[in-house]
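This report concerns only the one structure given below.
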Amino acid sequence: MTWLVIGTDAVLGVFVLMFAWLAVKLRLRAFLAGAGVVVAYAVSEVIKLVVREERPCRTAPSLAECPPHGDWSFPSNHSVIAGASAMAIWAMHRTLGWVAAVCALAAAASRVIVGVHYVHDVLAGLALGALVSWGIAVVLKKKQAIPDDAPTVVLQRLG
């Protein structure tokens with residue numbers, strides 16, 4: 001079962017590799033999409049401080065080491081990053097996007113399987129990440145912060 005614990009973080013590495021490849025190919029769009037992932041993570045951290053939900057591994061055995069107290073469960077940061085990354089990658093490259101979506105679902109599921117998150121933590125995380133990536137794209141489009149020929153995140157798919 002150690003492979004599940006390693007796999008959760010390995011999926012994040014896969015997203016980094018996808019973003020790196022897309023950054024070489026698409027430059028500004030990939031950078032702004034990556035920035036959306038960072039914003040999604042920051043929003044997740046604020047929500048964690050407000051909700052302060054204990055992790056399931058505090059009361060039941062888990063396959064992974066339980067994070068320290070104060071590292072709250074809701075929403076799952078891994079799932080937020082996975083959801084935001086999958087949305088951003090899908091917007092830039094549809095084929096890689098499908099791979100990213102499968103990776104995001106696998107990362108989220110693994111967090112439940114190893115016992116460090118509840119199902120609602122990972123579902124909320126995936127949704128939050130995807131929505132923040134999409135929201136940033138909408139705001140940038142309305143503010144016309146970037147030219148139409150360099151859309152970020154989901155702007156291509158919105159048009």
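For the structure tokens, the naming scheme is as follows: chains receive sequential letters (A, B, ...) according to their order of presentation, residues are indexed from 1 within each chain, and ligands are indexed from 1 in presentation order.
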
Taking 4 positions as the minimum chain separation for residues in the same chain, which residues sit within 12 Å of Pro61 of chain A when counting only C-alpha atoms? Answer as a short mmCIF file (atom, residue, chain, number, x, y, z; two decimals) with C-alpha atoms, in the first residue's frame.
```
data_model
loop_
_atom_site.label_atom_id
_atom_site.label_comp_id
_atom_site.auth_asym_id
_atom_site.auth_seq_id
_atom_site.Cartn_x
_atom_site.Cartn_y
_atom_site.Cartn_z
CA ARG A 55 -9.03 14.17 9.44
CA PRO A 56 -10.46 10.64 9.48
CA CYS A 57 -7.03 9.28 10.42
CA GLU A 65 0.93 8.77 8.23
CA CYS A 66 -1.66 11.16 9.58
CA ILE A 113 -8.13 5.16 0.20
CA VAL A 114 -5.09 5.89 2.37
CA GLY A 115 -7.40 7.33 5.03
CA VAL A 116 -6.32 10.96 5.29
#
```

Let's see if you can do this: from backbone DSSP, list all alpha helix (DSSP H) residues in segment 54-83 of chain A, as an MDAnalysis selection string.
chainID A and resid 77:83

Produce a file of the selected residues containing C-alpha atoms, as a PDB file, in the first residue's frame.
```pdb
ATOM      1  CA  ASN A  77      -5.379  20.443  -0.962  1.00  0.00           C
ATOM      2  CA  HIS A  78      -4.155  17.595  -3.150  1.00  0.00           C
ATOM      3  CA  SER A  79      -7.586  17.470  -4.767  1.00  0.00           C
ATOM      4  CA  VAL A  80      -7.751  21.259  -5.162  1.00  0.00           C
ATOM      5  CA  ILE A  81      -4.404  21.272  -6.955  1.00  0.00           C
ATOM      6  CA  ALA A  82      -5.426  18.258  -9.035  1.00  0.00           C
ATOM      7  CA  GLY A  83      -8.780  19.792 -10.022  1.00  0.00           C
TER       8      GLY A  83
END
```

Env of segment 123-134 of chain A: 6 Å cut, atoms = only C-alpha atoms, seq-sep filter 6 positions within chain, self excluded. Answer as a PyMOL selection string.
chain A and resi 36+40+75-76+79-80+83-84+87+154

For Ala86 of chain A, find every residue with an atom within 7 Å (counting only C-alpha atoms), except residues of its own chain fewer than 5 positions away, and show them as a PyMOL selection string.
chain A and resi 97+100-101+104
